[in-house]
Amino acid sequence: MEYRSKLNELRKKIDEIDEQILRLLNDRARLARDVGHIKKKHNLPIYVPSREQKIFDRLEQLNREFGEYFPTDSIKPVFREIISACRSTEENLKVAYLGPRATFTHQAAIEHFGQAVEYIPVQTIKDVFEEILKERADFGVVPVENTIEGIVNYTHDLLVDYTLKITGEVILEISLHLMGINPDIKQIVRVYSHRHALAECREWLMKNLPHAQLIEVESTAKAAEMAKDDYESAAVAGEAAADIYGLHIIEKKIDRHTQNFTRFLIIGKDIPPASGNDKTTFVFSVKNEVGALYKTLEPLYKHGINMTKIESRPSKKEAWDYIFFTDIEGHIEEDRIRNALKELEKKSPFFKILGSYPKAH
Ligand SMILES: O=C(O)C(=O)C[C@]1(C(=O)O)C=C[C@@H](O)C=C1
């Protein structure tokens with residue numbers, strides 16, 4: 001019985017600490033609200049991703065110094081929600097994303113903005129751009145490339161056509177989980193999912209649920225919705241679907257791809273200020289002459305700028321004419337980046353900066 005009194009004593013201490021945390025959260029929210037008043041008065045943006053990134057970096061570092069009793073991997077998810085909630089006392093951010101709810105794009109959006117924003121699921125990537133342009137949303141979230149499927153052409157084309165800017169990126173590991181309201185796998189007789197997701201998990205399903213009926217539905221999100229009221233059903237879907245539809249994750253990562261990552265872009269109207277660890281994305285074309293690509297990119301080399309990616313796409317203006325989507329390290333506020341890009345622009349028939357934004361970790 002002695003352990004009971006010890007347990008009670010420890011729980012009492014946890015309650016006291018929770019109370020202190022809660023008081024501090026209220027103090028924090030009050031300060032954020034005051035910051036919000038000043039920013040509104042001086043017409044400054046409420047959402048400052050560079051500041052948020054600095055907070056995460058500093059706290060992760062401090063947590064290591066504190067001995068990591070609290071897992072460092074949990075710092076960002078916890079503080080992301082704290083900041084999201086504090087931010088919501090300053091302004092109600094509206095974020096459009098390629099829906100429906102519970103998709104991986106939704107998951108990426110939550111990973112970036114936290115829960116305390118108004119989410120607007122829309123049907124197409126173009127609708128995401130339109131929502132921002134028509135001022136129904138402040139930001140948008142769209143997929144741009146996947147390690148297995150390659151680039152999302154449509155997102156690239158829209159970035160060229162619209163005046164909007166890339167303001168951030170999220171890289172998400174695409175893991176498919178088995179989920180349901182019933183955690184007992186032995187009672188599962190039906191498994192819902194999208195055709196591709198079922199195919200990716202076939203090996204695991206054959207081995208562990210050989211008698212279950214596999215039912216194809218239009219999306220992994222729909223699968224989770226189908227499973228949410230049925231004790232004998234499970235769905236194969238992403239983590240956001242389990243959160244949103246209140247399902248238990250019965251078995252984590254049942255897909256066989258270990259290198260399945262998708263990169264999502266956050267788009268908005270303005271380029272955010274430098275965070276100190278940024279990327280700039282631009283697109284350009286080259287003249288039709290020998291060594292044109294080499295010559296056009298020379299200013300990057302001259303100014304010591306690291307190019308991390310270059311991707312060609314048909315320009316759609318003339319046959320066999322290409323434009324190049326390029327990522328470099330650094331922010332357009334930095335002199336060396338600005339100067340190099342000015343020189344590069346002079347050499348290109350077409351040039352456009354698509355954004356400068358904090359690098360995803
Ligand atoms: O520092 C600010 O500018 C704030 O508004 C506070 C705060 C925060 O909660 O820490 C909230 C929103 C911003 O995106 C950045 C940080």
# chains A, B, ... in the order shown; residues from 1 in each chain; ligands from 1

call {"tool": "closest_atom_pairs", "arguments": {"of": "segment 292-342 of chain A", "to": "segment 144-163 of chain A", "cutoff": "10 Å", "atoms": "only C-alpha atoms", "output": "JSON lines"}}
result
{"residue": "A:Glu311", "atom": "CA", "partner": "A:Ile151", "partner_atom": "CA", "distance": 9.2}
{"residue": "A:Arg313", "atom": "CA", "partner": "A:Asn153", "partner_atom": "CA", "distance": 8.3}
{"residue": "A:Pro314", "atom": "CA", "partner": "A:Asp157", "partner_atom": "CA", "distance": 9.7}
{"residue": "A:Ser315", "atom": "CA", "partner": "A:Asp157", "partner_atom": "CA", "distance": 9.0}
{"residue": "A:Lys316", "atom": "CA", "partner": "A:Asp157", "partner_atom": "CA", "distance": 9.5}
{"residue": "A:Ile323", "atom": "CA", "partner": "A:Val160", "partner_atom": "CA", "distance": 9.8}
{"residue": "A:Phe325", "atom": "CA", "partner": "A:His156", "partner_atom": "CA", "distance": 8.2}

call {"tool": "residues_around", "arguments": {"residues": "Asn92 of chain A", "least_positions_apart": "2", "cutoff": "7 Å", "atoms": "only C-alpha atoms", "output": "PyMOL selection string"}}
result
chain A and resi 88+94+117-118

call {"tool": "residues_near_ligand", "arguments": {"ligand": "ligand 1", "cutoff": "12 Å", "atoms": "only C-alpha atoms and all ligand atoms", "output": "MDAnalysis selection string"}}
result
chainID A and resid 25:40 44:56 59 79:93 112:114 116:117 272:273 275

call {"tool": "residues_around", "arguments": {"residues": "Thr280 of chain A", "least_positions_apart": "5", "cutoff": "6 Å", "atoms": "only C-alpha atoms", "output": "ChimeraX atom specification"}}
result
/A:327-328,331,355-356

call {"tool": "write_last_selection", "arguments": {"atoms": "N, CA and C atoms", "output": "CSV table (one decimal), in the first residue's frame"}}
result
chain,number,residue,atom,x,y,z
A,327,ASP,N,16.7,26.2,-56.4
A,327,ASP,CA,16.8,26.5,-55.0
A,327,ASP,C,18.2,26.9,-54.6
A,328,ILE,N,18.4,28.0,-53.9
A,328,ILE,CA,19.7,28.3,-53.4
A,328,ILE,C,19.6,28.5,-51.9
A,331,HIS,N,18.9,34.2,-48.2
A,331,HIS,CA,17.6,35.0,-48.2
A,331,HIS,C,17.8,36.2,-49.1
A,355,GLY,N,10.3,33.0,-54.0
A,355,GLY,CA,10.2,33.1,-52.5
A,355,GLY,C,11.5,33.0,-51.8
A,356,SER,N,11.5,33.5,-50.6
A,356,SER,CA,12.7,33.3,-49.6
A,356,SER,C,12.0,32.9,-48.3

call {"tool": "residues_around", "arguments": {"residues": "segment 175-183 of chain A", "least_positions_apart": "2", "cutoff": "10 Å", "atoms": "only C-alpha atoms", "output": "ChimeraX atom specification"}}
result
/A:104,172-173,185-188,191-193,197-198,200-201,205,220,223-239,241-242,245-261

call {"tool": "residues_around", "arguments": {"residues": "segment 301-309 of chain A", "least_positions_apart": "5", "cutoff": "10 Å", "atoms": "only C-alpha atoms", "output": "number ranges by chain"}}
result
A: 279-281, 324-330, 335-337, 339-341
